[in-house]
>>> print(open('protein_30.csv').read())   # CSV, C-alpha atoms
chain,number,residue,atom,x,y,z
A,3,MET,CA,23.7,12.0,-8.7
A,4,ASN,CA,21.1,10.4,-6.4
A,5,ILE,CA,21.6,8.6,-3.2
A,6,ALA,CA,18.7,6.6,-1.9
A,7,ILE,CA,18.3,6.0,1.8
A,8,LEU,CA,16.3,2.9,2.6
A,9,SER,CA,15.7,0.4,5.4
A,10,GLY,CA,13.9,-2.9,5.5
A,11,LYS,CA,12.3,-2.0,8.7
A,12,GLY,CA,10.3,1.1,9.6
A,13,GLY,CA,11.5,3.4,12.3
A,14,THR,CA,15.2,2.7,12.0
A,15,GLY,CA,16.2,6.3,11.3
A,16,LYS,CA,16.1,6.9,7.5
A,17,THR,CA,14.9,10.4,8.0
A,18,THR,CA,17.5,11.2,10.7
A,19,VAL,CA,20.2,9.9,8.4
A,20,SER,CA,18.9,11.5,5.3
A,21,THR,CA,18.4,15.0,6.7
A,22,SER,CA,21.7,14.9,8.5
A,23,LEU,CA,23.6,13.8,5.4
A,24,SER,CA,21.8,16.5,3.3
A,25,VAL,CA,22.9,19.3,5.6
A,26,ILE,CA,26.5,18.0,6.0
A,27,THR,CA,27.1,17.3,2.3
A,28,GLY,CA,25.0,20.2,1.0
A,29,ALA,CA,22.8,17.8,-1.0
A,30,ASN,CA,19.1,18.4,-1.9
A,31,TYR,CA,16.6,16.5,0.2
A,32,ILE,CA,13.8,14.6,-1.5
A,33,ASP,CA,11.3,12.9,0.8
A,34,CYS,CA,9.7,10.0,-1.0
A,35,ASP,CA,8.0,8.5,2.1
A,36,VAL,CA,4.8,10.1,0.9
A,37,GLU,CA,2.6,8.2,3.3
A,38,GLU,CA,4.3,10.0,6.2
A,39,PRO,CA,6.9,12.5,5.0
A,40,ASN,CA,8.4,13.9,8.1
A,41,GLY,CA,11.8,15.2,7.0
A,42,PHE,CA,10.4,18.7,6.8
A,43,ILE,CA,9.9,18.7,10.5
A,44,PHE,CA,13.7,18.8,10.9
A,45,LEU,CA,14.6,20.9,7.9
A,46,ASN,CA,11.6,23.2,8.1
A,47,PRO,CA,12.1,24.7,4.6
A,48,SER,CA,10.9,28.2,3.6
A,49,GLN,CA,9.1,29.5,0.6
A,50,LEU,CA,7.0,26.4,0.0
A,51,LYS,CA,5.6,25.9,-3.4
A,52,LYS,CA,2.7,23.4,-3.8
A,53,GLU,CA,1.7,21.4,-6.8
A,54,GLU,CA,-1.2,18.9,-7.0
A,55,VAL,CA,-0.7,15.3,-8.2
A,56,MET,CA,-3.6,14.1,-10.4
A,57,VAL,CA,-4.6,10.7,-11.6
A,58,ASP,CA,-7.2,9.8,-14.4
A,59,TYR,CA,-10.4,8.0,-13.7
A,60,PRO,CA,-13.2,7.0,-16.1
A,61,ILE,CA,-16.6,8.6,-16.4
A,62,VAL,CA,-19.3,6.6,-18.1
A,63,ASP,CA,-21.9,8.4,-20.2
A,64,LYS,CA,-25.2,6.7,-19.3
A,65,ASN,CA,-26.8,7.8,-22.5
A,66,LYS,CA,-24.1,6.2,-24.7
A,67,CYS,CA,-23.5,3.1,-22.5
A,68,SER,CA,-25.2,-0.1,-23.7
A,69,LEU,CA,-24.2,-2.0,-20.5
A,70,CYS,CA,-22.2,-4.6,-22.5
A,71,GLY,CA,-19.8,-5.0,-19.6
A,72,GLU,CA,-16.6,-5.0,-21.7
A,73,CYS,CA,-15.0,-2.3,-19.6
A,74,VAL,CA,-15.7,-4.4,-16.4
A,75,LYS,CA,-14.2,-7.5,-18.0
A,76,VAL,CA,-11.0,-5.7,-19.0
A,77,CYS,CA,-10.4,-4.0,-15.6
A,78,GLN,CA,-7.7,-5.9,-13.8
A,79,PHE,CA,-8.2,-4.0,-10.5
A,80,ASN,CA,-12.0,-4.6,-10.0
A,81,ALA,CA,-12.6,-0.9,-10.1
A,82,LEU,CA,-15.7,-1.2,-12.4
A,83,VAL,CA,-18.9,-3.1,-11.7
A,84,LYS,CA,-21.9,-3.7,-13.9
A,85,THR,CA,-25.1,-3.5,-12.0
A,86,LYS,CA,-28.6,-3.9,-13.5
A,87,LYS,CA,-28.9,-0.1,-14.1
A,88,GLU,CA,-25.4,1.3,-14.6
A,89,ILE,CA,-21.6,0.9,-14.5
A,90,MET,CA,-20.3,1.7,-11.1
A,91,LEU,CA,-16.8,3.0,-10.4
A,92,PHE,CA,-14.7,2.5,-7.3
A,93,GLU,CA,-12.2,5.3,-8.0
A,94,LYS,CA,-9.8,4.3,-5.2
A,95,LEU,CA,-9.1,1.0,-7.0
A,96,CYS,CA,-8.7,2.6,-10.4
A,97,HIS,CA,-5.0,2.7,-11.6
A,98,GLY,CA,-5.9,5.1,-14.5
A,99,CYS,CA,-4.7,2.6,-17.1
A,100,HIS,CA,-7.4,3.7,-19.7
A,101,ALA,CA,-8.1,0.1,-20.7
A,102,CYS,CA,-11.8,0.6,-20.2
A,103,GLY,CA,-11.8,3.5,-22.6
A,104,ILE,CA,-10.0,1.5,-25.2
A,105,VAL,CA,-12.4,-1.4,-25.2
A,106,CYS,CA,-15.6,0.6,-25.1
A,107,LYS,CA,-17.2,0.3,-28.5
A,108,ASN,CA,-19.8,3.0,-27.9
A,109,GLY,CA,-17.3,5.7,-26.9
A,110,ALA,CA,-19.2,6.1,-23.6
A,111,ILE,CA,-16.1,6.5,-21.5
A,112,THR,CA,-14.2,9.7,-21.0
A,113,PHE,CA,-11.5,10.5,-18.4
A,114,GLU,CA,-11.3,13.1,-15.8
A,115,LYS,CA,-8.6,13.9,-13.2
A,116,ARG,CA,-8.7,13.8,-9.4
A,117,THR,CA,-6.2,14.9,-6.9
A,118,ILE,CA,-4.5,12.2,-4.8
A,119,GLY,CA,-1.7,14.3,-3.2
A,120,ILE,CA,0.6,17.2,-3.5
A,121,ILE,CA,4.3,17.9,-4.2
A,122,GLU,CA,5.9,20.6,-2.0
A,123,GLU,CA,9.2,22.3,-2.7
A,124,GLY,CA,11.1,24.8,-0.5
A,125,HIS,CA,14.5,25.9,0.5
A,126,TYR,CA,16.7,25.2,3.6
A,127,GLY,CA,19.6,27.6,3.1
A,128,SER,CA,20.8,26.8,-0.3
A,129,LEU,CA,19.4,23.3,-0.4
A,130,ILE,CA,16.3,22.4,-2.3
A,131,CYS,CA,13.9,20.3,-0.3
A,132,LYS,CA,11.1,18.4,-2.0
A,133,ARG,CA,8.5,16.1,-0.7
A,134,GLY,CA,5.3,14.3,-1.8
A,135,VAL,CA,2.3,14.1,0.5
A,136,LEU,CA,-0.3,11.5,-0.2
A,137,ASN,CA,-3.9,12.4,0.8
A,138,VAL,CA,-5.2,10.5,3.8
A,139,GLY,CA,-7.2,7.4,2.6
A,140,GLU,CA,-5.6,7.2,-0.8
A,141,PRO,CA,-4.3,3.7,-1.4
A,142,MET,CA,-1.8,4.3,-4.2
A,143,ALA,CA,1.4,6.3,-3.5
A,144,VAL,CA,3.3,5.4,-6.7
A,145,PRO,CA,1.9,8.3,-8.9
A,146,VAL,CA,3.0,10.8,-6.3
A,147,ILE,CA,6.5,9.3,-6.1
A,148,LYS,CA,6.8,9.2,-9.9
A,149,LYS,CA,5.9,12.8,-10.2
A,150,LEU,CA,8.2,13.8,-7.4
A,151,LEU,CA,11.2,12.0,-9.0
A,152,LYS,CA,10.5,13.0,-12.6
A,153,ASP,CA,12.2,16.3,-12.4
A,154,LEU,CA,14.9,16.1,-9.7
A,155,PRO,CA,17.1,19.1,-9.0
A,156,LYS,CA,20.6,19.1,-10.5
A,157,GLY,CA,23.5,18.0,-8.4
A,158,LEU,CA,23.6,15.7,-5.5
A,159,ASN,CA,20.2,14.5,-4.2
A,160,ILE,CA,19.4,12.5,-1.1
A,161,ILE,CA,16.3,10.4,-1.6
A,162,ASP,CA,14.5,9.5,1.6
A,163,CYS,CA,12.5,6.3,0.7
A,164,ALA,CA,9.5,4.6,2.3
A,165,PRO,CA,10.2,1.8,4.8
A,166,GLY,CA,10.3,-1.8,3.7
A,167,THR,CA,10.7,-3.2,0.2
A,168,SER,CA,7.4,-2.2,-1.3
A,169,CYS,CA,6.4,-0.8,-4.7
A,170,ASN,CA,7.1,2.7,-3.3
A,171,VAL,CA,10.7,1.8,-2.5
A,172,VAL,CA,11.2,0.0,-5.8
A,173,ASN,CA,9.9,3.1,-7.7
A,174,SER,CA,12.2,5.4,-5.7
A,175,LEU,CA,15.2,3.1,-6.3
A,176,GLN,CA,14.9,3.4,-10.1
A,177,TYR,CA,16.3,6.8,-9.9
A,178,ALA,CA,19.2,6.0,-7.5
A,179,ASP,CA,22.9,5.7,-8.4
A,180,TYR,CA,23.8,4.6,-4.9
A,181,ALA,CA,22.0,3.2,-1.9
A,182,ILE,CA,22.5,3.5,1.9
A,183,LEU,CA,20.7,0.9,3.9
A,184,VAL,CA,19.9,2.0,7.5
A,185,THR,CA,19.4,-0.8,10.0
A,186,GLU,CA,19.4,-1.4,13.7
A,187,PRO,CA,21.0,-4.2,15.7
A,188,SER,CA,18.0,-6.5,16.4
A,189,SER,CA,16.7,-9.7,14.9
A,190,PHE,CA,14.0,-7.7,13.1
A,191,GLY,CA,16.6,-5.2,11.8
A,192,LEU,CA,18.7,-8.0,10.5
A,193,HIS,CA,15.8,-9.9,8.9
A,194,ASP,CA,14.6,-6.8,7.0
A,195,LEU,CA,18.1,-5.7,6.1
A,196,LYS,CA,18.5,-9.0,4.3
A,197,MET,CA,15.4,-8.3,2.2
A,198,ALA,CA,16.7,-4.8,1.4
A,199,VAL,CA,20.1,-6.2,0.4
A,200,GLN,CA,18.4,-8.5,-2.0
A,201,LEU,CA,16.4,-5.6,-3.5
A,202,VAL,CA,19.4,-3.4,-4.1
A,203,ARG,CA,21.4,-6.3,-5.5
A,204,ASN,CA,18.6,-6.9,-8.0
A,205,PHE,CA,19.0,-3.2,-9.0
A,206,ASN,CA,22.7,-3.7,-9.3
A,207,ILE,CA,23.6,-0.4,-7.6
A,208,PRO,CA,26.4,0.0,-5.2
A,209,PHE,CA,25.4,0.2,-1.5
A,210,GLY,CA,26.6,0.4,2.0
A,211,VAL,CA,25.1,0.0,5.5
A,212,ILE,CA,24.7,2.4,8.4
A,213,ILE,CA,23.9,0.9,11.8
A,214,ASN,CA,21.7,3.1,13.9
A,215,LYS,CA,20.6,2.8,17.5
A,216,TYR,CA,23.8,0.9,18.4
A,217,ASN,CA,24.1,0.6,22.2
A,218,THR,CA,24.8,-2.9,23.2
A,219,GLY,CA,27.4,-5.4,22.3
A,220,ASP,CA,25.0,-6.8,19.6
A,221,GLU,CA,27.3,-7.6,16.7
A,222,ARG,CA,24.9,-9.5,14.5
A,223,ILE,CA,24.7,-6.9,11.8
A,224,GLN,CA,28.5,-6.6,11.6
A,225,LYS,CA,28.8,-10.4,11.4
A,226,TYR,CA,26.2,-10.5,8.5
A,227,CYS,CA,27.9,-7.7,6.6
A,228,LYS,CA,31.3,-9.3,6.9
A,229,GLU,CA,30.0,-12.6,5.6
A,230,GLU,CA,28.2,-10.9,2.7
A,231,ASN,CA,31.1,-8.5,2.0
A,232,ILE,CA,29.0,-5.4,2.6
A,233,LYS,CA,30.7,-2.1,3.6
A,234,ILE,CA,29.6,-0.6,6.9
A,235,LEU,CA,29.6,3.2,6.4
A,236,GLY,CA,29.1,4.1,10.0
A,237,ILE,CA,27.7,3.3,13.4
A,238,ILE,CA,25.4,5.7,15.2
A,239,PRO,CA,25.1,5.2,18.9
A,240,TYR,CA,21.8,5.1,20.8
A,241,LYS,CA,21.9,7.8,23.5
A,242,ARG,CA,19.4,9.7,25.6
A,243,GLU,CA,20.7,13.1,24.5
A,244,ALA,CA,20.1,12.2,20.8
A,245,ALA,CA,16.6,11.1,21.6
A,246,GLU,CA,15.9,14.4,23.5
A,247,VAL,CA,17.2,16.5,20.6
A,248,TYR,CA,15.3,14.5,18.0
A,249,SER,CA,12.0,14.5,19.9
A,250,SER,CA,12.1,18.3,20.2
A,251,GLY,CA,12.2,18.5,16.4
A,252,LYS,CA,15.9,19.4,16.0
A,253,MET,CA,18.6,17.5,14.1
A,254,ILE,CA,21.0,15.2,16.0
A,255,ILE,CA,23.9,16.8,14.2
A,256,ASN,CA,23.4,19.8,16.6
A,257,LEU,CA,25.3,17.6,19.0
A,258,PRO,CA,29.1,17.7,18.3
A,259,GLU,CA,29.5,14.0,19.0
A,260,TYR,CA,26.9,13.1,16.3
A,261,LYS,CA,28.2,15.7,13.9
A,262,LYS,CA,31.6,14.1,14.0
A,263,ILE,CA,30.0,10.7,13.3
A,264,PHE,CA,28.2,12.0,10.3
A,265,GLU,CA,31.3,13.7,9.0
A,266,ASP,CA,33.1,10.3,9.2
A,267,ILE,CA,30.2,8.7,7.3
A,268,VAL,CA,30.5,11.2,4.6
A,269,LYS,CA,34.2,10.6,4.4
A,270,SER,CA,33.7,6.8,4.0
A,271,LEU,CA,31.0,7.5,1.5
A,272,ARG,CA,33.4,9.5,-0.6
A,273,GLU,CA,35.9,6.7,-0.5
A,274,VAL,CA,33.6,4.1,-2.0
A,275,PHE,CA,31.5,6.5,-4.1
A,276,PRO,CA,33.2,9.7,-5.2
A,277,TRP,CA,31.2,12.7,-6.3
A,278,SER,CA,32.3,16.2,-7.1
B,15,MET,CA,-36.0,-16.8,-5.6
B,16,LYS,CA,-32.3,-17.4,-5.8
B,17,ILE,CA,-30.2,-17.6,-2.6
B,18,ALA,CA,-26.4,-17.4,-2.7
B,19,VAL,CA,-24.5,-18.6,0.3
B,20,SER,CA,-20.8,-18.0,0.7
B,21,SER,CA,-19.2,-21.3,1.3
B,22,GLU,CA,-16.0,-23.2,1.9
B,23,GLY,CA,-17.0,-26.1,-0.5
B,24,LYS,CA,-19.3,-26.8,-3.4
B,25,GLY,CA,-22.1,-28.7,-1.8
B,26,LEU,CA,-25.1,-28.1,0.4
B,27,ASN,CA,-23.4,-29.8,3.3
B,28,SER,CA,-20.3,-27.6,3.1
B,29,LEU,CA,-19.6,-25.1,5.8
B,30,LEU,CA,-20.7,-21.5,5.3
B,31,ASP,CA,-17.7,-19.1,5.0
B,32,VAL,CA,-18.2,-16.0,7.0
B,33,ARG,CA,-16.1,-14.1,4.6
B,34,PHE,CA,-17.9,-12.7,1.5
B,35,GLY,CA,-15.2,-11.4,-0.8
B,36,ARG,CA,-12.7,-14.1,-0.2
B,37,CYS,CA,-14.8,-17.3,0.2
B,38,ASN,CA,-14.0,-20.2,-2.1
B,39,TYR,CA,-17.4,-20.8,-3.5
B,40,PHE,CA,-20.9,-19.5,-3.7
B,41,VAL,CA,-23.6,-22.1,-3.4
B,42,ILE,CA,-26.6,-20.9,-5.3
B,43,TYR,CA,-30.0,-22.4,-4.3
B,44,ASP,CA,-33.1,-21.8,-6.4
B,45,THR,CA,-36.2,-22.1,-4.2
B,46,GLU,CA,-38.5,-22.7,-7.1
B,47,GLY,CA,-36.8,-25.6,-8.7
B,48,GLU,CA,-34.9,-26.5,-5.5
B,49,ILE,CA,-31.7,-26.8,-7.6
B,50,ALA,CA,-28.4,-26.0,-6.1
B,51,LYS,CA,-25.2,-25.2,-8.0
B,52,ALA,CA,-21.9,-23.8,-6.9
B,53,ILE,CA,-19.8,-21.1,-8.6
B,54,GLU,CA,-16.2,-20.5,-7.9
B,55,ASN,CA,-15.6,-17.0,-6.4
B,56,LYS,CA,-13.4,-15.0,-8.7
B,57,GLY,CA,-12.7,-12.5,-5.9
B,58,GLN,CA,-10.8,-14.9,-3.6
B,59,MET,CA,-7.4,-14.6,-5.3
B,60,SER,CA,-7.7,-11.0,-6.6
B,61,GLY,CA,-5.1,-8.5,-5.3
B,62,GLY,CA,-7.6,-5.9,-4.4
B,63,GLY,CA,-11.3,-5.4,-4.6
B,64,ALA,CA,-12.2,-9.0,-3.7
B,65,GLY,CA,-15.6,-8.0,-2.4
B,66,ILE,CA,-16.3,-6.1,-5.6
B,67,ALA,CA,-15.4,-9.0,-7.8
B,68,ALA,CA,-17.5,-11.3,-5.7
B,69,ALA,CA,-20.5,-8.9,-5.8
B,70,GLN,CA,-20.2,-8.6,-9.5
B,71,GLN,CA,-20.6,-12.4,-9.9
B,72,ILE,CA,-23.6,-12.4,-7.5
B,73,ILE,CA,-25.2,-9.6,-9.6
B,74,ASP,CA,-24.5,-11.4,-12.9
B,75,GLU,CA,-26.2,-14.6,-11.5
B,76,ASP,CA,-29.4,-12.7,-10.8
B,77,VAL,CA,-29.4,-13.6,-7.1
B,78,ASP,CA,-32.1,-12.2,-4.8
B,79,VAL,CA,-30.7,-13.0,-1.4
B,80,VAL,CA,-27.2,-13.5,-0.1
B,81,ILE,CA,-26.4,-15.3,3.1
B,82,THR,CA,-22.9,-14.6,4.5
B,83,GLY,CA,-21.1,-13.6,7.7
B,84,ASN,CA,-19.9,-10.2,6.9
B,85,LEU,CA,-19.7,-7.7,4.0
B,86,GLY,CA,-17.1,-5.0,3.4
B,87,PRO,CA,-18.3,-1.5,2.6
B,88,ASN,CA,-17.8,-1.7,-1.2
B,89,ALA,CA,-19.6,-5.0,-1.6
B,90,PHE,CA,-22.4,-3.8,0.8
B,91,ASN,CA,-23.1,-0.8,-1.3
B,92,LEU,CA,-23.1,-2.7,-4.5
B,93,LEU,CA,-25.5,-5.3,-3.3
B,94,LYS,CA,-27.7,-2.7,-1.8
B,95,ASN,CA,-27.8,-0.7,-5.0
B,96,SER,CA,-28.7,-3.8,-6.9
B,97,ASP,CA,-31.6,-4.6,-4.5
B,98,ILE,CA,-30.1,-7.8,-3.2
B,99,LYS,CA,-30.9,-8.5,0.4
B,100,VAL,CA,-28.1,-9.8,2.6
B,101,TYR,CA,-28.6,-12.0,5.7
B,102,ARG,CA,-26.1,-12.7,8.3
B,103,CYS,CA,-25.3,-16.2,9.5
B,104,GLY,CA,-22.5,-18.0,11.5
B,105,SER,CA,-20.3,-20.8,10.3
B,106,ILE,CA,-22.9,-23.7,10.0
B,107,ASN,CA,-23.6,-25.9,7.0
B,108,VAL,CA,-25.1,-24.3,3.9
B,109,GLU,CA,-28.3,-26.4,3.9
B,110,ARG,CA,-29.0,-25.5,7.5
B,111,ALA,CA,-28.4,-21.8,6.8
B,112,ILE,CA,-30.9,-21.9,3.9
B,113,GLN,CA,-33.4,-23.6,6.2
B,114,LEU,CA,-32.9,-21.0,8.9
B,115,PHE,CA,-33.5,-18.3,6.3
B,116,ASN,CA,-36.7,-19.9,5.1
B,117,GLU,CA,-37.9,-20.1,8.7
B,118,GLY,CA,-37.2,-16.3,9.0
B,119,LYS,CA,-34.6,-16.8,11.7
B,120,LEU,CA,-31.8,-14.9,10.1
B,121,ASP,CA,-31.2,-11.2,10.6
B,122,GLU,CA,-30.8,-8.8,7.7
B,123,LEU,CA,-27.4,-7.2,7.5
B,124,THR,CA,-28.0,-3.5,7.6
B,125,GLN,CA,-24.5,-2.2,8.1
B,126,ALA,CA,-21.2,-2.9,6.3
B,127,GLY,CA,-18.4,-4.6,8.3
B,128,PRO,CA,-14.8,-3.6,8.4
B,129,ALA,CA,-12.9,-3.5,5.1
B,130,HIS,CA,-10.2,-6.1,4.4
B,131,ALA,CA,-11.6,-8.4,7.1
B,132,GLY,CA,-10.9,-11.5,5.1
B,133,MET,CA,-7.4,-10.6,3.7
B,134,GLY,CA,-4.9,-13.4,3.8
B,135,ILE,CA,-5.8,-17.0,3.6
B,136,GLY,CA,-7.9,-17.8,6.6
B,137,ALA,CA,-7.0,-14.7,8.5
B,138,GLY,CA,-10.6,-13.6,9.0
B,139,ARG,CA,-12.0,-17.0,9.5
B,140,GLY,CA,-13.9,-17.7,12.6
B,141,PHE,CA,-13.5,-14.7,14.7
B,142,ARG,CA,-15.4,-12.1,12.7
B,143,GLY,CA,-18.9,-12.2,11.3
B,144,GLY,CA,-20.1,-15.1,13.3
B,145,ARG,CA,-22.8,-14.6,15.9
>>> encode(input="protein_30.csv", output="structure tokens")
Amino acid sequence: MNIAILSGKGGTGKTTVSTSLSVITGANYIDCDVEEPNGFIFLNPSQLKKEEVMVDYPIVDKNKCSLCGECVKVCQFNALVKTKKEIMLFEKLCHGCHACGIVCKNGAITFEKRTIGIIEEGHYGSLICKRGVLNVGEPMAVPVIKKLLKDLPKGLNIIDCAPGTSCNVVNSLQYADYAILVTEPSSFGLHDLKMAVQLVRNFNIPFGVIINKYNTGDERIQKYCKEENIKILGIIPYKREAAEVYSSGKMIINLPEYKKIFEDIVKSLREVFPWS
Amino acid sequence: MKIAVSSEGKGLNSLLDVRFGRCNYFVIYDTEGEIAKAIENKGQMSGGGAGIAAAQQIIDEDVDVVITGNLGPNAFNLLKNSDIKVYRCGSINVERAIQLFNEGKLDELTQAGPAHAGMGIGAGRGFRGGR
């Protein structure tokens, strides 16, 4: 069973919620925010295993190429260009779809692999922790996410998604049975929550909301959730002590007050979505 | 010699567009026959690699000189490898830009500008690339 943690807006506390829930429920932690995976800062897993993620890119054999330009025409991503002398490749734009190889009549195109990131796997106690790390400067994260989610550990997994409602999030959501939307009580939080709600409704998976950084009497999220008939799983207060613990790289469930809050969240989670 | 100018419209009196990859048209002027024609830029609506798509069209048209405001790194390398010279100009009308080029008053672009400078409709217009 996979629970995806997402938020419309970045910086609302997906990682805080995901790592805390993993530890409290004993679920495996999967960090899909491959552009900046920072859950490992808190869990600090041991015995890390690394595996490279590769994507295909075409290589044009100059001796066989007749410069007909068919490969350039078929490329939907503008990754290939025909100059007067040769076919040039912009590998960062290549999606590895192999279309250029299929249309080439001279058989001049072969494919090689290049590394765009790594998958890391380790242990925190009995939990399995996995994350994908996209190399700096690489524009496409989806291949890393796909590989990360292809062989998930058995049992309960918490999937920490990328912020927003991008391709990366959509790809992560395909593997989710349940979603938790983390939000904050601000107009930006509400705006982006609405987009995230639309997304999970399209996927037709059950979901609930956690309000993080709650400190004022701002009730706009509660009001919206009531109107839309969305369950609020829990409210996490915004306090200086929590920020201090968090910024020193420790988990906020080290504080008894926050531990209690997360235990209550797990209780209400089990009510709406039972797992063994 | 063929000169291509990135432009907002199809004619010689249209304004030069300082964006290369995401301009609407390229006005191509042939100095020998003094003919001008405009081609639509296929790069303007592409999801990614706009400069590359635009440069491909310029290469296919056998252009010798490009006049524009700014070039991203990909397009810059492509045009350089195809021996096409690029000159920088601000947002003035196309005919005047060609005139300035003929008088030798335009500087050659020797360095690529920032990538994605023209992303979004009009986002890069006016504040980058002009002199």
>>> interface_residues(input="protein_30.csv", of="chain B", to="chain A", cutoff="12 Å", atoms="all atoms listed in the file", output="ChimeraX atom specification")
/B:35,56-57,59-77,87-89,91-98
>>> closest_residue(input="protein_30.csv", among="B:Val19, B:Cys37, B:Asp31, B:Ala126", to="B:Ala50", atoms="all atoms listed in the file")
B:Val19
>>> atom_distance(input="protein_30.csv", atom1="atom CA of A:Ile212", atom2="atom CA of A:Ser168")
20.4 Å
>>> residues_around(input="protein_30.csv", residues="stretch 40-42 of chain B", least_positions_apart="2", cutoff="7 Å", atoms="all atoms listed in the file", output="PDB file with C-alpha atoms, in the coordinates of the input")
ATOM      1  CA  LYS B  16     -32.300 -17.400  -5.800  1.00  0.00           C
ATOM      2  CA  ILE B  17     -30.200 -17.600  -2.600  1.00  0.00           C
ATOM      3  CA  ALA B  18     -26.400 -17.400  -2.700  1.00  0.00           C
ATOM      4  CA  VAL B  19     -24.500 -18.600   0.300  1.00  0.00           C
ATOM      5  CA  SER B  20     -20.800 -18.000   0.700  1.00  0.00           C
ATOM      6  CA  SER B  21     -19.200 -21.300   1.300  1.00  0.00           C
ATOM      7  CA  LYS B  24     -19.300 -26.800  -3.400  1.00  0.00           C
ATOM      8  CA  GLY B  25     -22.100 -28.700  -1.800  1.00  0.00           C
ATOM      9  CA  ASP B  44     -33.100 -21.800  -6.400  1.00  0.00           C
ATOM     10  CA  ALA B  50     -28.400 -26.000  -6.100  1.00  0.00           C
ATOM     11  CA  LYS B  51     -25.200 -25.200  -8.000  1.00  0.00           C
ATOM     12  CA  ALA B  52     -21.900 -23.800  -6.900  1.00  0.00           C
ATOM     13  CA  ILE B  53     -19.800 -21.100  -8.600  1.00  0.00           C
ATOM     14  CA  GLU B  54     -16.200 -20.500  -7.900  1.00  0.00           C
ATOM     15  CA  ASN B  55     -15.600 -17.000  -6.400  1.00  0.00           C
TER      16      ASN B  55
END
>>> closest_residue(input="protein_30.csv", among="B:Ile112, B:Val80, B:Leu26, B:Leu85", to="B:Gly132", atoms="only C-alpha atoms")
B:Leu85
>>> residues_around(input="protein_30.csv", residues="A:Asp33", least_positions_apart="3", cutoff="8 Å", atoms="only C-alpha atoms", output="ChimeraX atom specification")
/A:36,39-41,131-134,161-163
>>> decode(input="protein_30.csv", residues="stretch 244-248 of chain A", atoms="all heavy atoms", output="compact mmCIF listing (two decimals), in the first residue's frame")
# COMPACT_ATOMS: atom_id res chain seq x y z
N ALA A 244 9.72 23.88 17.32
CA ALA A 244 9.70 22.96 16.18
C ALA A 244 10.72 23.40 15.14
O ALA A 244 11.48 22.59 14.60
CB ALA A 244 8.31 22.92 15.57
N ALA A 245 10.77 24.71 14.88
CA ALA A 245 11.70 25.24 13.89
C ALA A 245 13.14 24.99 14.31
O ALA A 245 14.00 24.65 13.49
CB ALA A 245 11.46 26.73 13.69
N GLU A 246 13.40 25.11 15.63
CA GLU A 246 14.77 24.89 16.12
C GLU A 246 15.19 23.44 15.94
O GLU A 246 16.28 23.14 15.49
CB GLU A 246 14.85 25.30 17.60
CG GLU A 246 15.07 26.79 17.77
CD GLU A 246 14.91 27.24 19.23
OE1 GLU A 246 14.74 26.37 20.11
OE2 GLU A 246 14.94 28.46 19.45
N VAL A 247 14.28 22.52 16.30
CA VAL A 247 14.58 21.09 16.16
C VAL A 247 14.80 20.74 14.69
O VAL A 247 15.77 20.09 14.32
CB VAL A 247 13.43 20.24 16.75
CG1 VAL A 247 13.60 18.77 16.41
CG2 VAL A 247 13.37 20.43 18.26
N TYR A 248 13.90 21.25 13.86
CA TYR A 248 13.93 20.96 12.43
C TYR A 248 15.23 21.47 11.80
O TYR A 248 15.89 20.76 11.04
CB TYR A 248 12.73 21.63 11.78
CG TYR A 248 12.70 21.58 10.29
CD1 TYR A 248 12.18 20.47 9.61
CD2 TYR A 248 13.17 22.66 9.52
CE1 TYR A 248 12.15 20.42 8.24
CE2 TYR A 248 13.13 22.61 8.15
CZ TYR A 248 12.63 21.49 7.51
OH TYR A 248 12.60 21.44 6.15
